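Structure file final_4.pdb; described as PDB, C-alpha atoms and all ligand atoms.
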ATOM      1  CA  MET A 265     -27.841  -2.184  23.410  1.00  0.00           C
ATOM      2  CA  SER A 266     -25.426  -3.264  20.691  1.00  0.00           C
ATOM      3  CA  ASP A 267     -21.784  -2.293  20.803  1.00  0.00           C
ATOM      4  CA  ASP A 268     -22.358  -0.213  17.693  1.00  0.00           C
ATOM      5  CA  ALA A 269     -24.899   1.961  19.430  1.00  0.00           C
ATOM      6  CA  LEU A 270     -22.708   2.277  22.493  1.00  0.00           C
ATOM      7  CA  PHE A 271     -19.648   3.284  20.504  1.00  0.00           C
ATOM      8  CA  PRO A 272     -20.902   5.124  17.436  1.00  0.00           C
ATOM      9  CA  LEU A 273     -18.273   5.603  14.794  1.00  0.00           C
ATOM     10  CA  GLU A 274     -18.600   9.379  14.906  1.00  0.00           C
ATOM     11  CA  LEU A 275     -17.431   9.283  18.489  1.00  0.00           C
ATOM     12  CA  VAL A 276     -14.414   7.174  17.659  1.00  0.00           C
ATOM     13  CA  GLN A 277     -13.492   9.498  14.816  1.00  0.00           C
ATOM     14  CA  ARG A 278     -14.023  12.571  16.921  1.00  0.00           C
ATOM     15  CA  GLU A 279     -11.770  11.157  19.589  1.00  0.00           C
ATOM     16  CA  ALA A 280      -9.125  10.471  16.982  1.00  0.00           C
ATOM     17  CA  ARG A 281      -9.384  14.040  15.751  1.00  0.00           C
ATOM     18  CA  ASP A 282      -9.215  15.407  19.283  1.00  0.00           C
ATOM     19  CA  ALA A 283      -5.983  13.531  19.831  1.00  0.00           C
ATOM     20  CA  GLY A 284      -4.383  16.092  17.522  1.00  0.00           C
ATOM     21  CA  PRO A 285      -1.119  15.874  15.623  1.00  0.00           C
ATOM     22  CA  ARG A 286       1.566  13.568  16.983  1.00  0.00           C
ATOM     23  CA  LEU A 287       5.283  13.948  16.308  1.00  0.00           C
ATOM     24  CA  ILE A 288       6.791  10.614  15.240  1.00  0.00           C
ATOM     25  CA  ALA A 289      10.249  11.967  14.414  1.00  0.00           C
ATOM     26  CA  PRO A 290      11.521  15.488  13.716  1.00  0.00           C
ATOM     27  CA  GLY A 291       9.529  16.668  10.679  1.00  0.00           C
ATOM     28  CA  ALA A 292       7.307  13.550  10.675  1.00  0.00           C
ATOM     29  CA  VAL A 293       3.798  14.127  12.002  1.00  0.00           C
ATOM     30  CA  HIS A 294       0.765  11.839  12.225  1.00  0.00           C
ATOM     31  CA  VAL A 295      -2.634  13.553  12.335  1.00  0.00           C
ATOM     32  CA  PRO A 296      -5.331  10.945  13.140  1.00  0.00           C
ATOM     33  CA  GLY A 297      -8.811  11.424  11.685  1.00  0.00           C
ATOM     34  CA  TRP A 298      -7.919  14.483   9.631  1.00  0.00           C
ATOM     35  CA  LEU A 299     -10.330  13.809   6.745  1.00  0.00           C
ATOM     36  CA  THR A 300     -14.030  13.637   7.611  1.00  0.00           C
ATOM     37  CA  PRO A 301     -16.004  10.595   6.417  1.00  0.00           C
ATOM     38  CA  LYS A 302     -17.698  12.829   3.837  1.00  0.00           C
ATOM     39  CA  GLN A 303     -14.326  13.983   2.472  1.00  0.00           C
ATOM     40  CA  GLN A 304     -13.130  10.367   2.381  1.00  0.00           C
ATOM     41  CA  ARG A 305     -16.177   9.264   0.371  1.00  0.00           C
ATOM     42  CA  TRP A 306     -15.670  12.125  -2.048  1.00  0.00           C
ATOM     43  CA  ILE A 307     -12.032  11.183  -2.600  1.00  0.00           C
ATOM     44  CA  VAL A 308     -13.002   7.520  -3.092  1.00  0.00           C
ATOM     45  CA  ALA A 309     -15.378   8.679  -5.857  1.00  0.00           C
ATOM     46  CA  ARG A 310     -12.510  10.627  -7.498  1.00  0.00           C
ATOM     47  CA  PHE A 311     -10.317   7.509  -7.224  1.00  0.00           C
ATOM     48  CA  GLY A 312     -12.916   5.646  -9.287  1.00  0.00           C
ATOM     49  CA  GLU A 313     -12.614   8.322 -11.976  1.00  0.00           C
ATOM     50  CA  TRP A 314      -8.803   8.321 -11.946  1.00  0.00           C
ATOM     51  CA  THR A 315      -8.648   4.560 -12.399  1.00  0.00           C
ATOM     52  CA  HIS A 316     -10.906   4.890 -15.460  1.00  0.00           C
ATOM     53  CA  GLY A 317      -8.765   7.705 -16.877  1.00  0.00           C
ATOM     54  CA  PRO A 318      -6.082   7.470 -19.558  1.00  0.00           C
ATOM     55  CA  VAL A 319      -3.775   5.273 -17.482  1.00  0.00           C
ATOM     56  CA  PRO A 320      -5.221   2.321 -15.525  1.00  0.00           C
ATOM     57  CA  LEU A 321      -4.128   1.159 -12.071  1.00  0.00           C
ATOM     58  CA  ARG A 322      -0.974  -0.862 -12.497  1.00  0.00           C
ATOM     59  CA  ALA A 323       1.527  -2.750 -10.379  1.00  0.00           C
ATOM     60  CA  ALA A 324       4.955  -1.349 -11.188  1.00  0.00           C
ATOM     61  CA  THR A 325       7.732  -3.766 -12.123  1.00  0.00           C
ATOM     62  CA  LEU A 326      10.983  -3.197 -10.241  1.00  0.00           C
ATOM     63  CA  PRO A 327      14.353  -3.367 -12.012  1.00  0.00           C
ATOM     64  CA  GLY A 328      14.966  -6.971 -10.824  1.00  0.00           C
ATOM     65  CA  GLY A 329      11.741  -8.039 -12.552  1.00  0.00           C
ATOM     66  CA  HIS A 330       9.746  -8.292  -9.325  1.00  0.00           C
ATOM     67  CA  GLN A 331       6.259  -6.824  -9.500  1.00  0.00           C
ATOM     68  CA  MET A 332       4.991  -4.644  -6.649  1.00  0.00           C
ATOM     69  CA  SER A 333       1.873  -5.929  -4.843  1.00  0.00           C
ATOM     70  CA  VAL A 334       0.490  -2.387  -4.604  1.00  0.00           C
ATOM     71  CA  ARG A 335      -1.219  -0.926  -7.678  1.00  0.00           C
ATOM     72  CA  THR A 336      -0.853   2.744  -8.514  1.00  0.00           C
ATOM     73  CA  VAL A 337      -2.398   5.499 -10.616  1.00  0.00           C
ATOM     74  CA  CYS A 338      -0.646   8.871 -10.790  1.00  0.00           C
ATOM     75  CA  LEU A 339      -1.684  12.497 -11.144  1.00  0.00           C
ATOM     76  CA  GLY A 340       0.486  15.321 -12.496  1.00  0.00           C
ATOM     77  CA  TRP A 341       3.536  13.166 -13.170  1.00  0.00           C
ATOM     78  CA  HIS A 342       3.719   9.425 -13.703  1.00  0.00           C
ATOM     79  CA  TRP A 343       6.031   7.591 -11.337  1.00  0.00           C
ATOM     80  CA  GLN A 344       7.858   4.475 -12.433  1.00  0.00           C
ATOM     81  CA  PRO A 345      10.891   2.875 -10.813  1.00  0.00           C
ATOM     82  CA  TYR A 346      12.760   5.167 -10.399  1.00  0.00           C
ATOM     83  CA  LYS A 347      11.762   8.339 -12.218  1.00  0.00           C
ATOM     84  CA  TYR A 348       8.903  10.672 -13.086  1.00  0.00           C
ATOM     85  CA  THR A 349       7.647  11.000 -16.653  1.00  0.00           C
ATOM     86  CA  ARG A 350       4.776  12.927 -18.227  1.00  0.00           C
ATOM     87  CA  GLU A 351       3.591   9.844 -20.097  1.00  0.00           C
ATOM     88  CA  ALA A 352       3.077   6.412 -18.577  1.00  0.00           C
ATOM     89  CA  THR A 353       5.759   4.863 -20.776  1.00  0.00           C
ATOM     90  CA  ASP A 354       5.784   1.642 -18.723  1.00  0.00           C
ATOM     91  CA  VAL A 355       1.983   1.205 -18.997  1.00  0.00           C
ATOM     92  CA  ASN A 356       0.313   2.464 -22.181  1.00  0.00           C
ATOM     93  CA  GLY A 357       2.248   5.586 -23.136  1.00  0.00           C
ATOM     94  CA  ARG A 358      -0.655   7.918 -22.381  1.00  0.00           C
ATOM     95  CA  PRO A 359      -0.172  11.264 -20.585  1.00  0.00           C
ATOM     96  CA  VAL A 360      -1.351  11.156 -16.972  1.00  0.00           C
ATOM     97  CA  LEU A 361      -4.230  13.209 -15.593  1.00  0.00           C
ATOM     98  CA  ASP A 362      -3.507  16.755 -14.394  1.00  0.00           C
ATOM     99  CA  PHE A 363      -2.778  17.375 -10.749  1.00  0.00           C
ATOM    100  CA  PRO A 364      -6.079  18.856  -9.506  1.00  0.00           C
ATOM    101  CA  ASP A 365      -6.210  22.355  -7.982  1.00  0.00           C
ATOM    102  CA  TRP A 366      -8.284  21.087  -5.063  1.00  0.00           C
ATOM    103  CA  MET A 367      -5.459  18.724  -4.191  1.00  0.00           C
ATOM    104  CA  VAL A 368      -2.906  21.555  -4.154  1.00  0.00           C
ATOM    105  CA  ARG A 369      -5.101  23.383  -1.647  1.00  0.00           C
ATOM    106  CA  LEU A 370      -5.652  20.198   0.356  1.00  0.00           C
ATOM    107  CA  GLY A 371      -1.894  19.614   0.418  1.00  0.00           C
ATOM    108  CA  GLN A 372      -1.286  23.102   1.793  1.00  0.00           C
ATOM    109  CA  LYS A 373      -3.916  22.586   4.475  1.00  0.00           C
ATOM    110  CA  ALA A 374      -2.380  19.230   5.302  1.00  0.00           C
ATOM    111  CA  VAL A 375       1.106  20.625   5.872  1.00  0.00           C
ATOM    112  CA  ALA A 376      -0.346  23.473   7.942  1.00  0.00           C
ATOM    113  CA  ALA A 377      -2.383  21.001  10.041  1.00  0.00           C
ATOM    114  CA  ALA A 378       0.605  18.788  10.721  1.00  0.00           C
ATOM    115  CA  TYR A 379       3.328  21.379  11.186  1.00  0.00           C
ATOM    116  CA  THR A 380       2.026  23.187  14.258  1.00  0.00           C
ATOM    117  CA  SER A 381       3.638  24.093  17.544  1.00  0.00           C
ATOM    118  CA  GLU A 382       1.005  21.808  19.135  1.00  0.00           C
ATOM    119  CA  ALA A 383       2.750  18.925  17.379  1.00  0.00           C
ATOM    120  CA  GLY A 384       6.119  20.144  18.602  1.00  0.00           C
ATOM    121  CA  VAL A 385       7.236  21.241  15.146  1.00  0.00           C
ATOM    122  CA  GLU A 386       9.685  24.126  14.859  1.00  0.00           C
ATOM    123  CA  ASP A 387       8.578  27.401  13.238  1.00  0.00           C
ATOM    124  CA  SER A 388      11.085  26.911  10.408  1.00  0.00           C
ATOM    125  CA  LEU A 389       9.213  23.756   9.334  1.00  0.00           C
ATOM    126  CA  ALA A 390       5.784  25.313   9.901  1.00  0.00           C
ATOM    127  CA  ALA A 391       6.772  27.914   7.291  1.00  0.00           C
ATOM    128  CA  LEU A 392       6.899  25.126   4.669  1.00  0.00           C
ATOM    129  CA  ALA A 393       3.081  25.100   4.475  1.00  0.00           C
ATOM    130  CA  VAL A 394       3.114  28.550   2.890  1.00  0.00           C
ATOM    131  CA  GLY A 395       3.362  28.166  -0.858  1.00  0.00           C
ATOM    132  CA  TYR A 396       3.537  24.358  -0.692  1.00  0.00           C
ATOM    133  CA  THR A 397       2.689  23.331  -4.269  1.00  0.00           C
ATOM    134  CA  PRO A 398       2.647  19.589  -4.864  1.00  0.00           C
ATOM    135  CA  ASP A 399       2.706  18.644  -8.556  1.00  0.00           C
ATOM    136  CA  ALA A 400       2.584  14.826  -8.414  1.00  0.00           C
ATOM    137  CA  ALA A 401       0.422  12.357  -6.549  1.00  0.00           C
ATOM    138  CA  LEU A 402       0.891   8.606  -6.331  1.00  0.00           C
ATOM    139  CA  VAL A 403      -2.436   7.020  -5.570  1.00  0.00           C
ATOM    140  CA  ASN A 404      -1.836   3.518  -4.276  1.00  0.00           C
ATOM    141  CA  PHE A 405      -4.388   0.770  -3.873  1.00  0.00           C
ATOM    142  CA  TYR A 406      -3.702  -2.096  -1.488  1.00  0.00           C
ATOM    143  CA  ASN A 407      -5.892  -5.170  -1.623  1.00  0.00           C
ATOM    144  CA  ASP A 408      -5.536  -8.455   0.232  1.00  0.00           C
ATOM    145  CA  GLY A 409      -1.960  -9.164   1.149  1.00  0.00           C
ATOM    146  CA  ALA A 410      -0.480  -6.057  -0.488  1.00  0.00           C
ATOM    147  CA  ALA A 411       2.497  -4.504   1.292  1.00  0.00           C
ATOM    148  CA  MET A 412       5.350  -2.138   0.562  1.00  0.00           C
ATOM    149  CA  GLY A 413       8.965  -2.697   1.497  1.00  0.00           C
ATOM    150  CA  MET A 414      11.142  -0.161   3.259  1.00  0.00           C
ATOM    151  CA  HIS A 415      12.171   2.583   0.844  1.00  0.00           C
ATOM    152  CA  GLN A 416      13.106   6.241   0.615  1.00  0.00           C
ATOM    153  CA  ASP A 417      11.188   8.689  -1.564  1.00  0.00           C
ATOM    154  CA  LYS A 418      14.114  10.193  -3.417  1.00  0.00           C
ATOM    155  CA  ASP A 419      13.079  10.469  -7.053  1.00  0.00           C
ATOM    156  CA  GLU A 420      12.077  14.089  -6.481  1.00  0.00           C
ATOM    157  CA  ARG A 421      14.519  16.957  -7.011  1.00  0.00           C
ATOM    158  CA  SER A 422      12.987  18.862  -4.137  1.00  0.00           C
ATOM    159  CA  ASN A 423      13.151  18.340  -0.400  1.00  0.00           C
ATOM    160  CA  ALA A 424       9.626  19.718   0.143  1.00  0.00           C
ATOM    161  CA  PRO A 425       7.493  17.579   2.483  1.00  0.00           C
ATOM    162  CA  VAL A 426       5.485  14.567   1.316  1.00  0.00           C
ATOM    163  CA  VAL A 427       1.800  14.522   2.310  1.00  0.00           C
ATOM    164  CA  SER A 428       0.141  11.132   2.794  1.00  0.00           C
ATOM    165  CA  LEU A 429      -3.600  10.440   3.141  1.00  0.00           C
ATOM    166  CA  SER A 430      -5.084   7.054   3.999  1.00  0.00           C
ATOM    167  CA  ILE A 431      -8.604   5.801   3.256  1.00  0.00           C
ATOM    168  CA  GLY A 432     -10.163   2.375   3.853  1.00  0.00           C
ATOM    169  CA  GLU A 433      -8.539  -0.415   5.809  1.00  0.00           C
ATOM    170  CA  ALA A 434      -5.955   0.497   8.414  1.00  0.00           C
ATOM    171  CA  CYS A 435      -2.315  -0.451   7.972  1.00  0.00           C
ATOM    172  CA  VAL A 436       0.930  -0.603   9.864  1.00  0.00           C
ATOM    173  CA  PHE A 437       3.143   2.223   8.636  1.00  0.00           C
ATOM    174  CA  ARG A 438       6.782   1.639   9.571  1.00  0.00           C
ATOM    175  CA  PHE A 439       8.644   4.892   9.887  1.00  0.00           C
ATOM    176  CA  GLY A 440      12.382   4.479  10.107  1.00  0.00           C
ATOM    177  CA  ASN A 441      15.502   6.574   9.878  1.00  0.00           C
ATOM    178  CA  THR A 442      17.509   8.184   7.091  1.00  0.00           C
ATOM    179  CA  LYS A 443      20.555   5.886   7.400  1.00  0.00           C
ATOM    180  CA  THR A 444      19.358   2.277   7.166  1.00  0.00           C
ATOM    181  CA  ARG A 445      16.254   0.363   6.140  1.00  0.00           C
ATOM    182  CA  THR A 446      16.300  -1.429   9.502  1.00  0.00           C
ATOM    183  CA  LYS A 447      15.900  -0.370  13.142  1.00  0.00           C
ATOM    184  CA  PRO A 448      15.391   2.043  14.733  1.00  0.00           C
ATOM    185  CA  TYR A 449      11.870   2.532  13.451  1.00  0.00           C
ATOM    186  CA  THR A 450       8.428   3.345  14.816  1.00  0.00           C
ATOM    187  CA  ASP A 451       5.309   1.426  13.789  1.00  0.00           C
ATOM    188  CA  VAL A 452       2.279   3.692  13.459  1.00  0.00           C
ATOM    189  CA  GLU A 453      -1.229   2.460  12.682  1.00  0.00           C
ATOM    190  CA  LEU A 454      -2.653   4.597   9.886  1.00  0.00           C
ATOM    191  CA  ARG A 455      -6.445   4.492   9.763  1.00  0.00           C
ATOM    192  CA  SER A 456      -9.025   5.785   7.349  1.00  0.00           C
ATOM    193  CA  GLY A 457      -8.887   9.584   7.291  1.00  0.00           C
ATOM    194  CA  ASP A 458      -5.408   9.854   8.784  1.00  0.00           C
ATOM    195  CA  LEU A 459      -2.822  12.321   7.535  1.00  0.00           C
ATOM    196  CA  PHE A 460       0.922  11.804   7.725  1.00  0.00           C
ATOM    197  CA  VAL A 461       3.385  14.499   6.683  1.00  0.00           C
ATOM    198  CA  PHE A 462       7.094  14.034   6.453  1.00  0.00           C
ATOM    199  CA  GLY A 463       9.641  16.594   5.588  1.00  0.00           C
ATOM    200  CA  GLY A 464      12.565  18.477   7.055  1.00  0.00           C
ATOM    201  CA  PRO A 465      15.008  16.140   8.806  1.00  0.00           C
ATOM    202  CA  SER A 466      12.703  13.153   8.076  1.00  0.00           C
ATOM    203  CA  ARG A 467      12.163  13.815   4.380  1.00  0.00           C
ATOM    204  CA  PHE A 468      14.502  11.023   3.289  1.00  0.00           C
ATOM    205  CA  ALA A 469      13.720   8.546   6.061  1.00  0.00           C
ATOM    206  CA  TYR A 470      13.100   4.919   5.096  1.00  0.00           C
ATOM    207  CA  HIS A 471       9.480   3.832   5.466  1.00  0.00           C
ATOM    208  CA  GLY A 472       7.187   1.023   4.396  1.00  0.00           C
ATOM    209  CA  ILE A 473       3.897  -0.771   4.896  1.00  0.00           C
ATOM    210  CA  PRO A 474       4.488  -4.219   6.416  1.00  0.00           C
ATOM    211  CA  LYS A 475       0.780  -5.006   6.454  1.00  0.00           C
ATOM    212  CA  VAL A 476      -2.754  -3.875   5.861  1.00  0.00           C
ATOM    213  CA  LEU A 477      -5.301  -4.918   8.482  1.00  0.00           C
ATOM    214  CA  PRO A 478      -8.163  -6.639   6.618  1.00  0.00           C
ATOM    215  CA  GLY A 479     -11.722  -5.850   7.592  1.00  0.00           C
ATOM    216  CA  THR A 480     -10.895  -2.570   9.349  1.00  0.00           C
ATOM    217  CA  ALA A 481     -12.405  -0.123   6.843  1.00  0.00           C
ATOM    218  CA  PRO A 482     -15.024   2.010   8.600  1.00  0.00           C
ATOM    219  CA  GLU A 483     -18.436   1.636   7.018  1.00  0.00           C
ATOM    220  CA  ASP A 484     -18.755   5.338   6.214  1.00  0.00           C
ATOM    221  CA  CYS A 485     -15.420   5.829   4.394  1.00  0.00           C
ATOM    222  CA  GLY A 486     -16.807   4.805   0.997  1.00  0.00           C
ATOM    223  CA  LEU A 487     -14.292   1.986   0.442  1.00  0.00           C
ATOM    224  CA  PRO A 488     -15.560  -1.380   1.733  1.00  0.00           C
ATOM    225  CA  HIS A 489     -12.349  -3.313   1.003  1.00  0.00           C
ATOM    226  CA  GLY A 490      -8.713  -2.450   0.585  1.00  0.00           C
ATOM    227  CA  ARG A 491      -6.787   0.702   1.289  1.00  0.00           C
ATOM    228  CA  ILE A 492      -6.139   3.839  -0.726  1.00  0.00           C
ATOM    229  CA  ASN A 493      -3.067   5.900   0.016  1.00  0.00           C
ATOM    230  CA  ILE A 494      -2.416   9.210  -1.696  1.00  0.00           C
ATOM    231  CA  THR A 495       1.043  10.716  -1.456  1.00  0.00           C
ATOM    232  CA  MET A 496       1.546  14.224  -2.795  1.00  0.00           C
ATOM    233  CA  ARG A 497       5.013  15.391  -3.707  1.00  0.00           C
ATOM    234  CA  VAL A 498       6.850  18.341  -5.168  1.00  0.00           C
ATOM    235  CA  THR A 499       8.896  16.819  -8.007  1.00  0.00           C
ATOM    236  CA  GLY A 500      11.070  19.860  -8.685  1.00  0.00           C
ATOM    237  CA  LEU A 501      10.756  18.960 -12.388  1.00  0.00           C
ATOM    238  CA  SER A 502       9.332  21.088 -15.190  1.00  0.00           C
TER     239      SER A 502
HETATM  240  C1  LIG B   1       1.510   4.059   1.916  1.00  0.00           C
HETATM  241  N1  LIG B   1       3.301   5.370   1.442  1.00  0.00           N
HETATM  242  O1  LIG B   1       1.238   4.771   2.877  1.00  0.00           O
HETATM  243  C2  LIG B   1       2.829   4.127   1.232  1.00  0.00           C
HETATM  244  N2  LIG B   1       5.825   7.682   1.013  1.00  0.00           N
HETATM  245  O2  LIG B   1       0.740   3.229   1.475  1.00  0.00           O
HETATM  246  C3  LIG B   1       4.492   5.800   1.175  1.00  0.00           C
HETATM  247  O3  LIG B   1       5.365   5.142   0.671  1.00  0.00           O
HETATM  248  C4  LIG B   1       4.771   7.131   1.560  1.00  0.00           C
HETATM  249  O4  LIG B   1       2.903   7.263   3.039  1.00  0.00           O
HETATM  250  C5  LIG B   1       6.129   8.922   1.336  1.00  0.00           C
HETATM  251  C6  LIG B   1       5.391   9.640   2.207  1.00  0.00           C
HETATM  252  C7  LIG B   1       4.290   9.086   2.782  1.00  0.00           C
HETATM  253  C8  LIG B   1       3.963   7.798   2.470  1.00  0.00           C
HETATM  254 FE    FE B   2       7.109   6.305   0.160  1.00  0.00          FE
END
Can you give me the file's structure in the form of C-alpha cells?
Ligand code: MD6
Ligand code: FE
Amino acid sequence: MSDDALFPLELVQREARDAGPRLIAPGAVHVPGWLTPKQQRWIVARFGEWTHGPVPLRAATLPGGHQMSVRTVCLGWHWQPYKYTREATDVNGRPVLDFPDWMVRLGQKAVAAAYTSEAGVEDSLAALAVGYTPDAALVNFYNDGAAMGMHQDKDERSNAPVVSLSIGEACVFRFGNTKTRTKPYTDVELRSGDLFVFGGPSRFAYHGIPKVLPGTAPEDCGLPHGRINITMRVTGLS
C-alpha cells in the first residue's frame, strides 16, 4: 500500500480541523483547516478572475525604492504603501473591484470561528464577530522565494480584527508583539485552508512571513504552486 492510500489527505485535513482553534496570543487565533478543499478551489477560481480585473497583480514599491517580493491585488480599497485609495494610483489608476458580499459573510464566520471560548478568547472579543464588516481585502500571491518582512497593519482607522486565509503552499507565519519587530515571537505554520484572526490586544502586533515552504500545496486545493493569502480588514474610511 502506498503512503498516499494509508494517509489520505481528507484524513489529514479532518485531523487539522478537529484540532480546533488555537490561541497564539491574546486576540490572535489560528484555526487549522478551516476552509474545505472545495471552498479553497472556489476561491482560487475567484483569484484568477480578480487578477484579470481592472488592476493586475503587482509588487508594491516601498518608499525606499525597494520592491516587495509578494504581488497583490485588492478588493474594496486599493492598498499602497502606506495608505488606502479607491483607485490604484500606483498601478494603472483604475478603480479596484468591489468587496464581495460573500466575503463579508465569510469574514463574519471567520471571526466567530476563531473567537470562541474553546480557543480561550474572552466574551468581549467574541462579540466582535457580530456586525464585523470588512471593506478591504489584500490578496497576496507568493511564488518561489517570496517573503514578507515584519510589519504592523496600521493603515486602517479601525481596530477591528484582521482575518487571514491561506491557500496553496504552507508558510512560516511569524507572530510577534506590539512593541518591537524582534523577539518575542511565535512561529506558526499556516497551511492551505487555515484561518488566522488577529484583533483585540494583538491587533497591532508585528508579524511577517519569513518563508514559504515549496512543494507543500495539497493536490486538492486548486493551486499547484505558490501561496495565496487573503487578509480582510475594516478600513474605517468612507
Ligand atoms: C500573509 N499576511 O499571511 C501576510 N496581516 O501572507 C499578513 O501580513 C497579515 O496574515 C494581517 C493579518 C493577517 C495576516
Ligand atoms: Fe500584515
Requested in this report: Expand the PyMOL selection byres (((chain A and resi 490) around 9) and not hetatm) into the individual residues it matches in the shown file, reporting them as a ChimeraX atom specification.
Outcome: /A:405-408,431-434,476-479,481,487-489,491-492
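Of the listed residues A:Ala376, A:Val394, A:Ala309, A:Val334, the one whose atoms come nearest to ligand FE 2 (chain B) is A:Val334, with distances taken using only C-alpha atoms and all ligand atoms.
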Residues up to 8 Å from ligand FE 2 (chain B), counting all atoms listed in the file: could you list those as a list in words?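 The neighbouring residues of ligand FE 2 (chain B) are, in order, His415, Gln416, Asp417, Tyr470, His471, Gly472 and Thr495 of chain A.
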_Surrounding residues as a VMD selection string, ligand LIG 1 (chain B), max 7 Å, only C-alpha atoms and all ligand atoms_ = chain A and resid 404 412 417 426 to 428 430 437 460 to 462 471 to 473 493 495
Closest of A:Leu361, A:Ala424, A:Ala324, A:Ala283 to Gln344 in chain A, counting all atoms listed in the file, is A:Ala324
Point to revise | A:Lys443, A:Arg497, A:Arg421, A:Arg467 ranked by distance to His342 in chain A, top pick (using only C-alpha atoms) | key: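 Under the stated criterion, the closest residue is A:Arg497.
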Applied to this file, what does the PyMOL selection byres (((chain A and resi 363-366) around 9) and not hetatm) return in terms of residues, put as an mmCIF file with C-alpha atoms, in the frame of the given file?
data_model
loop_
_atom_site.group_PDB
_atom_site.id
_atom_site.type_symbol
_atom_site.label_atom_id
_atom_site.label_comp_id
_atom_site.auth_asym_id
_atom_site.auth_seq_id
_atom_site.Cartn_x
_atom_site.Cartn_y
_atom_site.Cartn_z
ATOM 1 C CA CYS A 338 -0.646 8.871 -10.790
ATOM 2 C CA LEU A 339 -1.684 12.497 -11.144
ATOM 3 C CA GLY A 340 0.486 15.321 -12.496
ATOM 4 C CA TRP A 341 3.536 13.166 -13.170
ATOM 5 C CA VAL A 360 -1.351 11.156 -16.972
ATOM 6 C CA LEU A 361 -4.230 13.209 -15.593
ATOM 7 C CA ASP A 362 -3.507 16.755 -14.394
ATOM 8 C CA MET A 367 -5.459 18.724 -4.191
ATOM 9 C CA VAL A 368 -2.906 21.555 -4.154
ATOM 10 C CA ARG A 369 -5.101 23.383 -1.647
ATOM 11 C CA LEU A 370 -5.652 20.198 0.356
ATOM 12 C CA GLY A 371 -1.894 19.614 0.418
ATOM 13 C CA PRO A 398 2.647 19.589 -4.864
ATOM 14 C CA ASP A 399 2.706 18.644 -8.556
ATOM 15 C CA ALA A 400 2.584 14.826 -8.414
ATOM 16 C CA ALA A 401 0.422 12.357 -6.549
#
Hey, what comes out of the PyMOL selection byres (((chain A and resi 501) around 8) and not hetatm) on this file? Could you write it as a tab-separated table (two decimals) with C-alpha atoms, in the frame of the given file?
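The resulting file, part-v9.tsv, is shown below:
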chain	number	residue	atom	x	y	z
A	420	GLU	CA	12.08	14.09	-6.48
A	421	ARG	CA	14.52	16.96	-7.01
A	499	THR	CA	8.90	16.82	-8.01
A	500	GLY	CA	11.07	19.86	-8.68
A	502	SER	CA	9.33	21.09	-15.19
Could you pull the residues within 8 Å of Arg322 in chain A, counting all atoms listed in the file, minus those fewer than 5 positions along the same chain, as a PDB file with C-alpha atoms, in the coordinates of the input?
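Okay, selection25.pdb is ready:
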ATOM      1  CA  ARG A 335      -1.219  -0.926  -7.678  1.00  0.00           C
ATOM      2  CA  THR A 336      -0.853   2.744  -8.514  1.00  0.00           C
ATOM      3  CA  VAL A 337      -2.398   5.499 -10.616  1.00  0.00           C
ATOM      4  CA  VAL A 355       1.983   1.205 -18.997  1.00  0.00           C
TER       5      VAL A 355
END
Expected answer as a CSV table (one decimal) with C-alpha atoms, keeping the file's coordinate frame: all residues with atoms within 10 Å of (-5.6, 10.8, 9.2), only C-alpha atoms:
chain,number,residue,atom,x,y,z
A,277,GLN,CA,-13.5,9.5,14.8
A,280,ALA,CA,-9.1,10.5,17.0
A,281,ARG,CA,-9.4,14.0,15.8
A,284,GLY,CA,-4.4,16.1,17.5
A,285,PRO,CA,-1.1,15.9,15.6
A,294,HIS,CA,0.8,11.8,12.2
A,295,VAL,CA,-2.6,13.6,12.3
A,296,PRO,CA,-5.3,10.9,13.1
A,297,GLY,CA,-8.8,11.4,11.7
A,298,TRP,CA,-7.9,14.5,9.6
A,299,LEU,CA,-10.3,13.8,6.7
A,300,THR,CA,-14.0,13.6,7.6
A,374,ALA,CA,-2.4,19.2,5.3
A,428,SER,CA,0.1,11.1,2.8
A,429,LEU,CA,-3.6,10.4,3.1
A,430,SER,CA,-5.1,7.1,4.0
A,431,ILE,CA,-8.6,5.8,3.3
A,454,LEU,CA,-2.7,4.6,9.9
A,455,ARG,CA,-6.4,4.5,9.8
A,456,SER,CA,-9.0,5.8,7.3
A,457,GLY,CA,-8.9,9.6,7.3
A,458,ASP,CA,-5.4,9.9,8.8
A,459,LEU,CA,-2.8,12.3,7.5
A,460,PHE,CA,0.9,11.8,7.7
Between CA of Ala323 in chain A and CA of Tyr346 in chain A lies a distance of 13.7 Å
Go through A:Ala352, A:Ala469, A:Ala411, A:Leu392 and flag the residue nearest Phe439 in chain A, using only C-alpha atoms for the distances.
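Looking at the shortest contact to Phe439 in chain A, the residue is A:Ala469.
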For Trp314 in chain A, which residue among A:Thr446, A:Gly440, A:Val403, A:Cys435 is the nearest when counting all atoms listed in the file?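 Of all the options, A:Val403 lies closest to Trp314 in chain A.
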